[in-house]
Number of protein chains: 2
Amino acid sequence: MSAATYDVLGIGNAIVDILAKTDDAFLATHGMTKGAMALIDEAQAAAIYQAMGPATEISGGSAANTIAGIANFGARAAFVGKVRDDQLGGVFSHDIRASHVAFETRPAFAGPATARCYVLVTPDGERTMNTYLGAAQDLSPADIDPAQIADAAIVYLEGYLWDPQDAKEAFLKAAGIAHAHGRRVALTLSDAFCVGRYRDEFLHLIRSNTVDIVFANAAELAALYHNDDFDAALTQLRADATLAVVTRSEKGCVVATKDSVTPVPAFPVKQVLDTTGAGDLFAAGFLFGTVRGFDHAQCGRLGALAAAEVIQQIGARPQASLKALAQAADLPV
Amino acid sequence: MSAATYDVLGIGNAIVDILAKTDDAFLATHGMTKGAMALIDEAQAAAIYQAMGPATEISGGSAANTIAGIANFGARAAFVGKVRDDQLGGVFSHDIRASHVAFETRPAFAGPATARCYVLVTPDGERTMNTYLGAAQDLSPADIDPAQIADAAIVYLEGYLWDPQDAKEAFLKAAGIAHAHGRRVALTLSDAFCVGRYRDEFLHLIRSNTVDIVFANAAELAALYHNDDFDAALTQLRADATLAVVTRSEKGCVVATKDSVTPVPAFPVKQVLDTTGAGDLFAAGFLFGTVRGFDHAQCGRLGALAAAEVIQQIGARPQASLKALAQAADLPV
């Protein structure tokens with residue numbers, strides 16, 4: 001195994017977030033499940049946009065947020081995902097490159113527009129997401145450059161990739177290449193409803209060791225094993241996975257292997273403004289620590305630090321320097 | 001004079017702001033004048049965008065910000081400005097309508113893209129603006145609907161309209177219609193460099209009573225009379241204008257007529273995050289008070305309140321309810 005050019009390469013849906021403040025009544029009126037991600041078609045996207053308030057556009061996409069966070073910590077990062085050659089595609093491309101992430105995926109020159117996620121933020125800071133996948137659906141195995149994948153120490157994949165048909169094959173192609181070159185593969189389960197849609201396939205990915213590191217939150221863990229008992233479900237996940245990291249909001253996280261369970265506390269938070277990106281940035285901190293070779297507790301703390309930072313601002317890409325914040329918190333970087 | 005459907009109708013450049021944090025060195029490297037607005041062409045826009053960091057897109061435009069603020073206070077507002085039928089044009093149109101502002105200007109279906117302003121925010125909160133006018137240059141007298149103008153108690157115009165050629169004629173057409181129907185016309189001088197470009201014309205607008213209310217900040221006042229002595233320049237403005245409102249940042253503002261000068265203090269501010277929109281929102285509060293018939297001191301306080309709110313957030317459109325903030329501050333609404 002040779003040295004890698006990239007510490008982490010992420011593959012995910014390339015999405016621009018359109019964030020607006022709202023209230024619980026708006027979610028109820030539009031049949032939205034609070035805190036979840038729902039897939040919507042173009043007509044639904046138009047209807048939601050017309051109904052929602054004045055908004056802010058910020059680049060998003062789960063794996064893309066994670067990768068931007070990893071670069072922000074100071075690691076070498078790359079992203080693969082599909083936009084169209086439209087203005088929002090230009091926004092996404094600019095923002096990820098300006099975050100010092102290599103992004104070379106060819107945009108689509110025809111077909112649906114760049115993906116958008118209408119993010120409704122309630123007064124409690126919780127975000128409810130409605131995603132129009134658009135051009136992200138055109139990500140295909142042809143977009144996976146074997147040389148680039150082989151050149152990344154960790155390939156990070158989002159469960160959301162199971163929604164666009166061809167992306168699934170791109171995912172598996174990348175995982176195969178990574179393992180053929182002795183690299184590691186990480187997966188986030190993304191969303192409890194996403195787990196509900198692809199439970200058997202996700203379990204197969206984990207049990208077949210197609211993925212080496214699994215990220216989940218408590219709701220996704222429960223959905224994966226149809227088991228609301230956290231400890232029991234965690235025991236099941238430990239039996240299936242090599243390394244699993246389960247986040248529990250203000251309770252912190254647990255880092256679990258076959259042999260060990262390491263609980264890690266959350267960071268204190270003054271005021272939750274917008275939880276968009278909390279899980280994504282947790283994964284950023286954890287993966288950054290992993291590529292640096294830190295222990296599980298240190299990786300978990302770096303994840304907790306990044307998650308705490310992003311929920312105290314609007315949008316899922318941290319505006320502060322995570323490296324500086326980690327140094328200020330006496331964490332290794 | 002009949003009752004008006006709109007309290008205030010604003011005409012201005014329809015712009016989407018692209019905001020990024022930066023430092024003073026970036027401004028120096030790119031030859032930018034801190035705190036000013038510079039006009040850039042398409043090639044310069046591409047170069048600045050490529051060089052700047054990850055950004056956030058939020059609807060802007062000086063008069064549009066003011067009008068959105070007036071609607072936020074609870075008044076009936078309309079906006080006239082030109083976007084293209086592209087994604088950023090859709091963003092601008094959505095945001096202003098979602099702010100409860102009537103916006104019926106037909107978009108351009110060909111020609112340059114929707115206007116963008118690259119806003120660089122330094123750590124002190126100061127913003128430096130680079131505007132690509134794009135489709136905003138296509139605003140013309142044909143976009144001025146005489147019936148709509150006649151139906152607004154105040155027509156509010158931005159000095160920036162003097163930059164796109166045809167917009168100047170649209171401005172004069174609107175002012176003429178307003179006065180023919182016994183309405184009032186307000187003007188903001190917009191920017192000291194803008195005053196430098198059109199000083200004689202702005203002086204003529206004021207002296208000929210084409211405008212009834214003039215908004216300026218201290219730098220614009222100095223540029224208008226080539227006079228850095230605030231009191232002396234204010235005396236000159238009082239001789240020329242019917243009603244002038246001059247803002248002085250943390251020193252508050254003065255509301256001046258031929259007969260009176262009313263100083264109004266600023267509102268306390270915890271932390272200046274981004275001064276984008278400070279002047280725009282001051283004008284919103286002042287004009288809102290004016291249409292409600294409040295006295296000069298009350299109008300000035302409403303302006304100061306709105307300005308204080310907007311500089312404590314990112315972007316020029318206030319996310320909080322200005323009406324609620326005014327009530328909490330015991331100001332009339």
# chains A, B, ... in the order shown; residues from 1 in each chain; ligands from 1
>>> calpha_fit_and_write(fixed="chain A", moving="chain B", output="JSON list (two decimals) with C-alpha atoms, in the first residue's frame")
[["chain", "number", "residue", "atom", "x", "y", "z"],
["B", 1, "MET", "CA", 0.01, 0.01, -0.01],
["B", 2, "SER", "CA", 1.54, 3.27, -1.18],
["B", 3, "ALA", "CA", 1.15, 6.69, 0.45],
["B", 4, "ALA", "CA", -2.11, 8.37, -0.52],
["B", 5, "THR", "CA", -2.51, 11.79, -2.13],
["B", 6, "TYR", "CA", -5.82, 12.25, -0.34],
["B", 7, "ASP", "CA", -6.59, 11.51, 3.28],
["B", 8, "VAL", "CA", -10.31, 11.16, 2.57],
["B", 9, "LEU", "CA", -12.31, 11.07, -0.66],
["B", 10, "GLY", "CA", -16.06, 11.44, -0.30],
["B", 11, "ILE", "CA", -18.75, 10.40, -2.74],
["B", 12, "GLY", "CA", -22.23, 11.81, -2.35],
["B", 13, "ASN", "CA", -25.11, 13.79, -3.73],
["B", 14, "ALA", "CA", -23.95, 17.27, -4.76],
["B", 15, "ILE", "CA", -26.63, 19.53, -3.31],
["B", 16, "VAL", "CA", -27.23, 23.22, -2.66],
["B", 17, "ASP", "CA", -29.22, 23.83, 0.53],
["B", 18, "ILE", "CA", -32.00, 26.41, 0.46],
["B", 19, "LEU", "CA", -32.57, 27.22, 4.12],
["B", 20, "ALA", "CA", -35.49, 29.11, 5.62],
["B", 21, "LYS", "CA", -36.81, 29.58, 9.10],
["B", 22, "THR", "CA", -40.25, 28.13, 9.69],
["B", 23, "ASP", "CA", -42.48, 26.85, 12.46],
["B", 24, "ASP", "CA", -43.92, 23.46, 13.37],
["B", 25, "ALA", "CA", -47.28, 24.39, 11.84],
["B", 26, "PHE", "CA", -45.67, 24.77, 8.40],
["B", 27, "LEU", "CA", -44.20, 21.26, 8.67],
["B", 28, "ALA", "CA", -47.58, 19.86, 9.68],
["B", 29, "THR", "CA", -49.45, 21.69, 6.90],
["B", 30, "HIS", "CA", -47.08, 20.26, 4.31],
["B", 31, "GLY", "CA", -47.04, 16.76, 5.76],
["B", 32, "MET", "CA", -43.34, 16.86, 6.60],
["B", 33, "THR", "CA", -41.74, 14.56, 9.18],
["B", 34, "LYS", "CA", -39.75, 16.77, 11.50],
["B", 35, "GLY", "CA", -36.02, 16.06, 11.49],
["B", 36, "ALA", "CA", -36.18, 13.71, 8.51],
["B", 37, "MET", "CA", -35.06, 13.91, 4.88],
["B", 38, "ALA", "CA", -37.78, 13.36, 2.28],
["B", 39, "LEU", "CA", -37.23, 12.95, -1.43],
["B", 40, "ILE", "CA", -39.38, 15.23, -3.58],
["B", 41, "ASP", "CA", -39.98, 15.56, -7.30],
["B", 42, "GLU", "CA", -39.74, 18.75, -9.35],
["B", 43, "ALA", "CA", -43.40, 19.69, -8.85],
["B", 44, "GLN", "CA", -43.17, 19.19, -5.08],
["B", 45, "ALA", "CA", -39.96, 21.23, -5.04],
["B", 46, "ALA", "CA", -41.73, 24.12, -6.78],
["B", 47, "ALA", "CA", -44.68, 23.93, -4.38],
["B", 48, "ILE", "CA", -42.52, 23.85, -1.24],
["B", 49, "TYR", "CA", -40.33, 26.70, -2.49],
["B", 50, "GLN", "CA", -43.35, 28.84, -3.25],
["B", 51, "ALA", "CA", -44.78, 28.23, 0.21],
["B", 52, "MET", "CA", -41.62, 28.74, 2.24],
["B", 53, "GLY", "CA", -40.20, 32.05, 3.46],
["B", 54, "PRO", "CA", -37.19, 34.08, 2.31],
["B", 55, "ALA", "CA", -34.21, 31.78, 2.13],
["B", 56, "THR", "CA", -30.44, 31.54, 2.13],
["B", 57, "GLU", "CA", -28.52, 29.37, -0.31],
["B", 58, "ILE", "CA", -25.51, 27.50, 1.05],
["B", 59, "SER", "CA", -23.73, 24.51, -0.45],
["B", 60, "GLY", "CA", -24.66, 21.26, 1.25],
["B", 61, "GLY", "CA", -24.83, 17.55, 0.56],
["B", 62, "SER", "CA", -24.05, 15.21, 3.42],
["B", 63, "ALA", "CA", -20.74, 13.70, 2.29],
["B", 64, "ALA", "CA", -19.74, 17.02, 0.71],
["B", 65, "ASN", "CA", -20.23, 18.73, 4.08],
["B", 66, "THR", "CA", -18.11, 16.07, 5.75],
["B", 67, "ILE", "CA", -15.35, 16.41, 3.19],
["B", 68, "ALA", "CA", -15.35, 20.22, 3.46],
["B", 69, "GLY", "CA", -15.04, 19.78, 7.22],
["B", 70, "ILE", "CA", -12.11, 17.39, 6.85],
["B", 71, "ALA", "CA", -10.33, 19.91, 4.62],
["B", 72, "ASN", "CA", -11.13, 22.62, 7.17],
["B", 73, "PHE", "CA", -9.33, 20.54, 9.83],
["B", 74, "GLY", "CA", -6.28, 20.60, 7.56],
["B", 75, "ALA", "CA", -6.41, 17.20, 5.85],
["B", 76, "ARG", "CA", -6.21, 16.54, 2.09],
["B", 77, "ALA", "CA", -9.67, 15.88, 0.74],
["B", 78, "ALA", "CA", -11.49, 15.14, -2.50],
["B", 79, "PHE", "CA", -15.16, 14.92, -3.47],
["B", 80, "VAL", "CA", -17.04, 13.12, -6.23],
["B", 81, "GLY", "CA", -20.62, 14.14, -7.03],
["B", 82, "LYS", "CA", -22.74, 15.37, -9.93],
["B", 83, "VAL", "CA", -24.05, 18.87, -10.58],
["B", 84, "ARG", "CA", -25.48, 20.37, -13.77],
["B", 85, "ASP", "CA", -23.72, 23.22, -15.62],
["B", 86, "ASP", "CA", -26.19, 25.73, -14.16],
["B", 87, "GLN", "CA", -25.85, 28.58, -11.64],
["B", 88, "LEU", "CA", -26.45, 26.42, -8.58],
["B", 89, "GLY", "CA", -23.98, 23.89, -9.95],
["B", 90, "GLY", "CA", -21.51, 26.75, -10.19],
["B", 91, "VAL", "CA", -22.23, 27.67, -6.58],
["B", 92, "PHE", "CA", -21.66, 24.10, -5.37],
["B", 93, "SER", "CA", -18.46, 23.73, -7.41],
["B", 94, "HIS", "CA", -17.06, 27.06, -6.27],
["B", 95, "ASP", "CA", -17.78, 26.46, -2.62],
["B", 96, "ILE", "CA", -16.24, 23.00, -2.39],
["B", 97, "ARG", "CA", -13.13, 24.03, -4.31],
["B", 98, "ALA", "CA", -12.83, 27.21, -2.24],
["B", 99, "SER", "CA", -12.90, 24.87, 0.79],
["B", 100, "HIS", "CA", -9.65, 23.35, -0.55],
["B", 101, "VAL", "CA", -11.30, 20.14, -1.70],
["B", 102, "ALA", "CA", -10.33, 18.56, -5.03],
["B", 103, "PHE", "CA", -13.54, 18.32, -7.10],
["B", 104, "GLU", "CA", -13.16, 17.09, -10.65],
["B", 105, "THR", "CA", -16.45, 15.35, -11.45],
["B", 106, "ARG", "CA", -17.69, 16.44, -14.89],
["B", 107, "PRO", "CA", -21.00, 18.33, -14.61],
["B", 108, "ALA", "CA", -24.04, 17.18, -16.57],
["B", 109, "PHE", "CA", -24.64, 19.35, -19.65],
["B", 110, "ALA", "CA", -28.24, 18.25, -20.10],
["B", 111, "GLY", "CA", -31.04, 16.82, -18.00],
["B", 112, "PRO", "CA", -32.34, 17.98, -14.63],
["B", 113, "ALA", "CA", -30.96, 20.96, -12.71],
["B", 114, "THR", "CA", -28.47, 20.79, -9.86],
["B", 115, "ALA", "CA", -29.91, 19.11, -6.76],
["B", 116, "ARG", "CA", -31.49, 21.28, -4.09],
["B", 117, "CYS", "CA", -32.47, 20.58, -0.53],
["B", 118, "TYR", "CA", -35.20, 22.75, 0.96],
["B", 119, "VAL", "CA", -34.19, 22.91, 4.61],
["B", 120, "LEU", "CA", -36.84, 24.15, 7.03],
["B", 121, "VAL", "CA", -35.40, 25.22, 10.36],
["B", 122, "THR", "CA", -37.80, 25.38, 13.31],
["B", 123, "PRO", "CA", -37.26, 27.64, 16.35],
["B", 124, "ASP", "CA", -35.71, 24.72, 18.28],
["B", 125, "GLY", "CA", -32.90, 24.57, 15.68],
["B", 126, "GLU", "CA", -34.10, 21.24, 14.26],
["B", 127, "ARG", "CA", -33.95, 20.97, 10.46],
["B", 128, "THR", "CA", -36.40, 19.15, 8.22],
["B", 129, "MET", "CA", -35.14, 18.41, 4.73],
["B", 130, "ASN", "CA", -36.80, 18.00, 1.35],
["B", 131, "THR", "CA", -34.44, 16.95, -1.40],
["B", 132, "TYR", "CA", -34.90, 17.28, -5.14],
["B", 133, "LEU", "CA", -32.10, 15.05, -6.47],
["B", 134, "GLY", "CA", -31.99, 16.53, -9.98],
["B", 135, "ALA", "CA", -28.60, 16.16, -11.61],
["B", 136, "ALA", "CA", -27.26, 14.16, -8.65],
["B", 137, "GLN", "CA", -29.14, 11.21, -10.11],
["B", 138, "ASP", "CA", -26.74, 11.20, -13.04],
["B", 139, "LEU", "CA", -23.73, 10.17, -10.97],
["B", 140, "SER", "CA", -22.63, 6.87, -12.47],
["B", 141, "PRO", "CA", -19.73, 4.39, -12.36],
["B", 142, "ALA", "CA", -18.15, 6.34, -15.24],
["B", 143, "ASP", "CA", -17.62, 9.22, -12.79],
["B", 144, "ILE", "CA", -15.45, 7.04, -10.56],
["B", 145, "ASP", "CA", -11.80, 7.49, -11.52],
["B", 146, "PRO", "CA", -9.99, 4.34, -10.36],
["B", 147, "ALA", "CA", -6.66, 6.13, -9.99],
["B", 148, "GLN", "CA", -8.18, 8.83, -7.77],
["B", 149, "ILE", "CA", -9.99, 6.30, -5.56],
["B", 150, "ALA", "CA", -6.85, 4.21, -5.19],
["B", 151, "ASP", "CA", -5.05, 7.37, -4.09],
["B", 152, "ALA", "CA", -7.26, 8.08, -1.04],
["B", 153, "ALA", "CA", -6.57, 6.56, 2.39],
["B", 154, "ILE", "CA", -10.28, 6.46, 3.20],
["B", 155, "VAL", "CA", -13.25, 6.46, 0.82],
["B", 156, "TYR", "CA", -16.33, 7.91, 2.54],
["B", 157, "LEU", "CA", -19.79, 7.12, 1.18],
["B", 158, "GLU", "CA", -23.22, 8.37, 2.15],
["B", 159, "GLY", "CA", -26.24, 6.08, 2.45],
["B", 160, "TYR", "CA", -28.20, 8.66, 0.48],
["B", 161, "LEU", "CA", -26.34, 7.38, -2.60],
["B", 162, "TRP", "CA", -28.76, 4.45, -2.54],
["B", 163, "ASP", "CA", -31.55, 6.79, -3.72],
["B", 164, "PRO", "CA", -30.23, 7.65, -7.20],
["B", 165, "GLN", "CA", -30.09, 4.35, -9.13],
["B", 166, "ASP", "CA", -26.71, 4.66, -10.86],
["B", 167, "ALA", "CA", -24.98, 6.11, -7.82],
["B", 168, "LYS", "CA", -25.33, 2.76, -6.07],
["B", 169, "GLU", "CA", -23.12, 1.18, -8.72],
["B", 170, "ALA", "CA", -20.68, 4.07, -8.48],
["B", 171, "PHE", "CA", -20.55, 3.44, -4.72],
["B", 172, "LEU", "CA", -19.80, -0.26, -5.13],
["B", 173, "LYS", "CA", -17.21, 0.37, -7.83],
["B", 174, "ALA", "CA", -15.40, 2.84, -5.56],
["B", 175, "ALA", "CA", -15.54, 0.50, -2.56],
["B", 176, "GLY", "CA", -14.10, -2.32, -4.66],
["B", 177, "ILE", "CA", -11.23, -0.21, -5.96],
["B", 178, "ALA", "CA", -10.43, 1.09, -2.48],
["B", 179, "HIS", "CA", -10.19, -2.36, -0.96],
["B", 180, "ALA", "CA", -8.19, -3.66, -3.90],
["B", 181, "HIS", "CA", -5.61, -1.02, -2.98],
["B", 182, "GLY", "CA", -5.64, -1.66, 0.74],
["B", 183, "ARG", "CA", -7.66, 1.47, 1.52],
["B", 184, "ARG", "CA", -10.52, 1.78, 4.02],
["B", 185, "VAL", "CA", -14.18, 2.37, 3.23],
["B", 186, "ALA", "CA", -16.51, 4.34, 5.52],
["B", 187, "LEU", "CA", -20.30, 4.65, 5.28],
["B", 188, "THR", "CA", -22.84, 6.90, 6.96],
["B", 189, "LEU", "CA", -26.36, 5.50, 7.21],
["B", 190, "SER", "CA", -27.55, 9.08, 6.53],
["B", 191, "ASP", "CA", -31.17, 9.08, 7.76],
["B", 192, "ALA", "CA", -33.55, 6.71, 9.51],
["B", 193, "PHE", "CA", -35.99, 6.78, 6.59],
["B", 194, "CYS", "CA", -33.14, 6.11, 4.20],
["B", 195, "VAL", "CA", -32.26, 3.08, 6.33],
["B", 196, "GLY", "CA", -35.90, 2.07, 6.13],
["B", 197, "ARG", "CA", -35.73, 2.13, 2.33],
["B", 198, "TYR", "CA", -32.49, 0.12, 2.05],
["B", 199, "ARG", "CA", -32.16, -1.78, 5.30],
["B", 200, "ASP", "CA", -31.28, -5.17, 3.83],
["B", 201, "GLU", "CA", -28.75, -3.69, 1.46],
["B", 202, "PHE", "CA", -27.06, -1.64, 4.19],
["B", 203, "LEU", "CA", -26.89, -4.69, 6.44],
["B", 204, "HIS", "CA", -25.30, -6.62, 3.59],
["B", 205, "LEU", "CA", -22.73, -3.86, 3.01],
["B", 206, "ILE", "CA", -21.74, -4.04, 6.68],
["B", 207, "ARG", "CA", -21.80, -7.82, 7.07],
["B", 208, "SER", "CA", -19.88, -8.41, 3.85],
["B", 209, "ASN", "CA", -17.18, -5.99, 4.99],
["B", 210, "THR", "CA", -17.83, -3.81, 1.95],
["B", 211, "VAL", "CA", -17.51, -1.03, 4.50],
["B", 212, "ASP", "CA", -15.00, -0.88, 7.35],
["B", 213, "ILE", "CA", -16.34, 2.05, 9.35],
["B", 214, "VAL", "CA", -20.05, 2.73, 9.90],
["B", 215, "PHE", "CA", -21.52, 6.03, 11.13],
["B", 216, "ALA", "CA", -25.08, 6.12, 12.46],
["B", 217, "ASN", "CA", -27.18, 8.11, 14.86],
["B", 218, "ALA", "CA", -29.49, 6.48, 17.39],
["B", 219, "ALA", "CA", -32.54, 6.65, 15.10],
["B", 220, "GLU", "CA", -30.65, 5.08, 12.20],
["B", 221, "LEU", "CA", -29.32, 2.35, 14.46],
["B", 222, "ALA", "CA", -32.85, 1.58, 15.63],
["B", 223, "ALA", "CA", -34.08, 1.50, 12.02],
["B", 224, "LEU", "CA", -31.26, -0.80, 10.96],
["B", 225, "TYR", "CA", -32.14, -3.49, 13.49],
["B", 226, "HIS", "CA", -35.83, -2.69, 14.04],
["B", 227, "ASN", "CA", -34.80, -2.29, 17.64],
["B", 228, "ASP", "CA", -35.47, 0.74, 19.82],
["B", 229, "ASP", "CA", -33.29, -0.58, 22.66],
["B", 230, "PHE", "CA", -30.06, 1.33, 22.09],
["B", 231, "ASP", "CA", -27.77, -1.09, 23.91],
["B", 232, "ALA", "CA", -29.30, -4.14, 22.30],
["B", 233, "ALA", "CA", -29.09, -2.61, 18.82],
["B", 234, "LEU", "CA", -25.51, -1.54, 19.46],
["B", 235, "THR", "CA", -24.63, -5.11, 20.40],
["B", 236, "GLN", "CA", -26.11, -6.24, 17.09],
["B", 237, "LEU", "CA", -24.10, -3.61, 15.19],
["B", 238, "ARG", "CA", -20.89, -4.64, 16.98],
["B", 239, "ALA", "CA", -21.48, -8.20, 15.83],
["B", 240, "ASP", "CA", -21.82, -7.04, 12.23],
["B", 241, "ALA", "CA", -19.35, -4.14, 11.89],
["B", 242, "THR", "CA", -15.60, -3.78, 12.26],
["B", 243, "LEU", "CA", -15.82, -0.24, 13.60],
["B", 244, "ALA", "CA", -19.07, 1.58, 14.35],
["B", 245, "VAL", "CA", -19.60, 5.12, 15.59],
["B", 246, "VAL", "CA", -23.06, 5.97, 16.89],
["B", 247, "THR", "CA", -23.97, 9.56, 17.73],
["B", 248, "ARG", "CA", -26.56, 10.45, 20.38],
["B", 249, "SER", "CA", -26.96, 14.24, 20.11],
["B", 250, "GLU", "CA", -26.30, 15.87, 23.48],
["B", 251, "LYS", "CA", -25.34, 12.48, 24.97],
["B", 252, "GLY", "CA", -22.24, 12.38, 22.78],
["B", 253, "CYS", "CA", -21.31, 9.21, 20.93],
["B", 254, "VAL", "CA", -20.05, 5.69, 21.35],
["B", 255, "VAL", "CA", -17.18, 4.25, 19.34],
["B", 256, "ALA", "CA", -17.64, 0.49, 19.15],
["B", 257, "THR", "CA", -15.60, -2.45, 17.91],
["B", 258, "LYS", "CA", -15.92, -6.18, 18.49],
["B", 259, "ASP", "CA", -13.77, -5.77, 21.61],
["B", 260, "SER", "CA", -14.52, -2.33, 22.96],
["B", 261, "VAL", "CA", -17.14, 0.35, 23.48],
["B", 262, "THR", "CA", -15.78, 3.86, 24.08],
["B", 263, "PRO", "CA", -18.33, 6.49, 25.12],
["B", 264, "VAL", "CA", -17.36, 10.07, 24.27],
["B", 265, "PRO", "CA", -19.19, 13.10, 25.69],
["B", 266, "ALA", "CA", -20.60, 15.91, 23.55],
["B", 267, "PHE", "CA", -19.18, 19.42, 23.58],
["B", 268, "PRO", "CA", -21.11, 22.12, 25.41],
["B", 269, "VAL", "CA", -23.25, 24.32, 23.16],
["B", 270, "LYS", "CA", -24.41, 27.84, 23.99],
["B", 271, "GLN", "CA", -27.35, 28.01, 21.59],
["B", 272, "VAL", "CA", -28.48, 25.61, 18.89],
["B", 273, "LEU", "CA", -29.21, 27.77, 15.84],
["B", 274, "ASP", "CA", -29.52, 25.15, 13.10],
["B", 275, "THR", "CA", -28.73, 21.45, 13.41],
["B", 276, "THR", "CA", -28.11, 21.13, 9.65],
["B", 277, "GLY", "CA", -24.82, 19.28, 9.21],
["B", 278, "ALA", "CA", -24.42, 18.04, 12.79],
["B", 279, "GLY", "CA", -23.93, 14.40, 11.77],
["B", 280, "ASP", "CA", -21.89, 15.36, 8.72],
["B", 281, "LEU", "CA", -19.45, 17.40, 10.75],
["B", 282, "PHE", "CA", -19.23, 14.77, 13.47],
["B", 283, "ALA", "CA", -18.06, 12.36, 10.76],
["B", 284, "ALA", "CA", -15.58, 15.00, 9.54],
["B", 285, "GLY", "CA", -13.93, 15.27, 12.93],
["B", 286, "PHE", "CA", -13.91, 11.53, 13.52],
["B", 287, "LEU", "CA", -12.45, 10.72, 10.09],
["B", 288, "PHE", "CA", -9.86, 13.48, 10.42],
["B", 289, "GLY", "CA", -8.73, 11.96, 13.70],
["B", 290, "THR", "CA", -8.71, 8.52, 12.09],
["B", 291, "VAL", "CA", -6.40, 9.52, 9.24],
["B", 292, "ARG", "CA", -4.12, 11.18, 11.78],
["B", 293, "GLY", "CA", -4.02, 7.90, 13.70],
["B", 294, "PHE", "CA", -5.58, 9.22, 16.93],
["B", 295, "ASP", "CA", -7.35, 6.89, 19.37],
["B", 296, "HIS", "CA", -11.11, 6.37, 19.44],
["B", 297, "ALA", "CA", -11.75, 8.82, 22.27],
["B", 298, "GLN", "CA", -9.75, 11.54, 20.51],
["B", 299, "CYS", "CA", -11.50, 10.89, 17.20],
["B", 300, "GLY", "CA", -14.87, 11.08, 18.97],
["B", 301, "ARG", "CA", -13.95, 14.36, 20.63],
["B", 302, "LEU", "CA", -12.89, 15.89, 17.32],
["B", 303, "GLY", "CA", -16.22, 14.81, 15.87],
["B", 304, "ALA", "CA", -18.11, 16.25, 18.83],
["B", 305, "LEU", "CA", -16.20, 19.52, 18.51],
["B", 306, "ALA", "CA", -17.03, 19.93, 14.83],
["B", 307, "ALA", "CA", -20.68, 19.00, 15.38],
["B", 308, "ALA", "CA", -21.01, 21.50, 18.24],
["B", 309, "GLU", "CA", -19.53, 24.24, 16.08],
["B", 310, "VAL", "CA", -21.82, 23.68, 13.09],
["B", 311, "ILE", "CA", -25.08, 23.65, 15.06],
["B", 312, "GLN", "CA", -24.26, 27.09, 16.47],
["B", 313, "GLN", "CA", -24.32, 28.66, 12.99],
["B", 314, "ILE", "CA", -26.62, 28.66, 9.95],
["B", 315, "GLY", "CA", -25.74, 26.07, 7.30],
["B", 316, "ALA", "CA", -23.76, 22.86, 7.26],
["B", 317, "ARG", "CA", -20.32, 24.13, 6.27],
["B", 318, "PRO", "CA", -18.41, 25.53, 9.25],
["B", 319, "GLN", "CA", -17.28, 29.13, 8.79],
["B", 320, "ALA", "CA", -14.72, 29.01, 11.58],
["B", 321, "SER", "CA", -11.41, 27.14, 11.46],
["B", 322, "LEU", "CA", -11.98, 23.70, 12.98],
["B", 323, "LYS", "CA", -8.24, 23.26, 13.29],
["B", 324, "ALA", "CA", -8.00, 26.42, 15.42],
["B", 325, "LEU", "CA", -11.02, 25.38, 17.50],
["B", 326, "ALA", "CA", -9.47, 21.97, 18.14],
["B", 327, "GLN", "CA", -6.20, 23.56, 19.19],
["B", 328, "ALA", "CA", -8.06, 25.93, 21.50],
["B", 329, "ALA", "CA", -9.79, 22.90, 23.04],
["B", 330, "ASP", "CA", -6.44, 21.14, 23.56],
["B", 331, "LEU", "CA", -7.30, 18.42, 21.08],
["B", 332, "PRO", "CA", -4.61, 16.98, 18.83],
["B", 333, "VAL", "CA", -4.65, 18.05, 15.16]]
>>> select_by_dssp(residues="stretch 26-223 of chain A", states="strand (DSSP E or B)", output="count of residues only")
46
>>> select_by_dssp(residues="stretch 188-270 of chain A", states="helix (DSSP H, G or I)", output="PyMOL selection string")
chain A and resi 192-207+218-225+230-240+249-251
>>> write_last_selection(atoms="C-alpha atoms", output="compact mmCIF listing (two decimals), in the first residue's frame")
# COMPACT_ATOMS: atom_id res chain seq x y z
CA ALA A 192 -33.55 6.71 9.52
CA PHE A 193 -35.99 6.77 6.60
CA CYS A 194 -33.12 6.11 4.19
CA VAL A 195 -32.24 3.07 6.33
CA GLY A 196 -35.90 2.06 6.14
CA ARG A 197 -35.74 2.13 2.33
CA TYR A 198 -32.49 0.12 2.03
CA ARG A 199 -32.16 -1.80 5.31
CA ASP A 200 -31.28 -5.17 3.82
CA GLU A 201 -28.73 -3.70 1.45
CA PHE A 202 -27.07 -1.63 4.17
CA LEU A 203 -26.87 -4.70 6.44
CA HIS A 204 -25.30 -6.61 3.58
CA LEU A 205 -22.72 -3.86 3.00
CA ILE A 206 -21.74 -4.03 6.67
CA ARG A 207 -21.79 -7.83 7.07
CA ALA A 218 -29.48 6.47 17.39
CA ALA A 219 -32.54 6.64 15.10
CA GLU A 220 -30.64 5.08 12.20
CA LEU A 221 -29.31 2.34 14.46
CA ALA A 222 -32.84 1.57 15.63
CA ALA A 223 -34.07 1.50 12.02
CA LEU A 224 -31.25 -0.81 10.96
CA TYR A 225 -32.14 -3.50 13.50
CA PHE A 230 -30.06 1.32 22.09
CA ASP A 231 -27.77 -1.09 23.93
CA ALA A 232 -29.29 -4.16 22.31
CA ALA A 233 -29.09 -2.63 18.83
CA LEU A 234 -25.51 -1.55 19.47
CA THR A 235 -24.63 -5.13 20.42
CA GLN A 236 -26.10 -6.27 17.08
CA LEU A 237 -24.11 -3.62 15.19
CA ARG A 238 -20.89 -4.65 16.98
CA ALA A 239 -21.48 -8.22 15.83
CA ASP A 240 -21.81 -7.05 12.22
CA SER A 249 -26.97 14.22 20.10
CA GLU A 250 -26.30 15.88 23.47
CA LYS A 251 -25.34 12.50 24.95
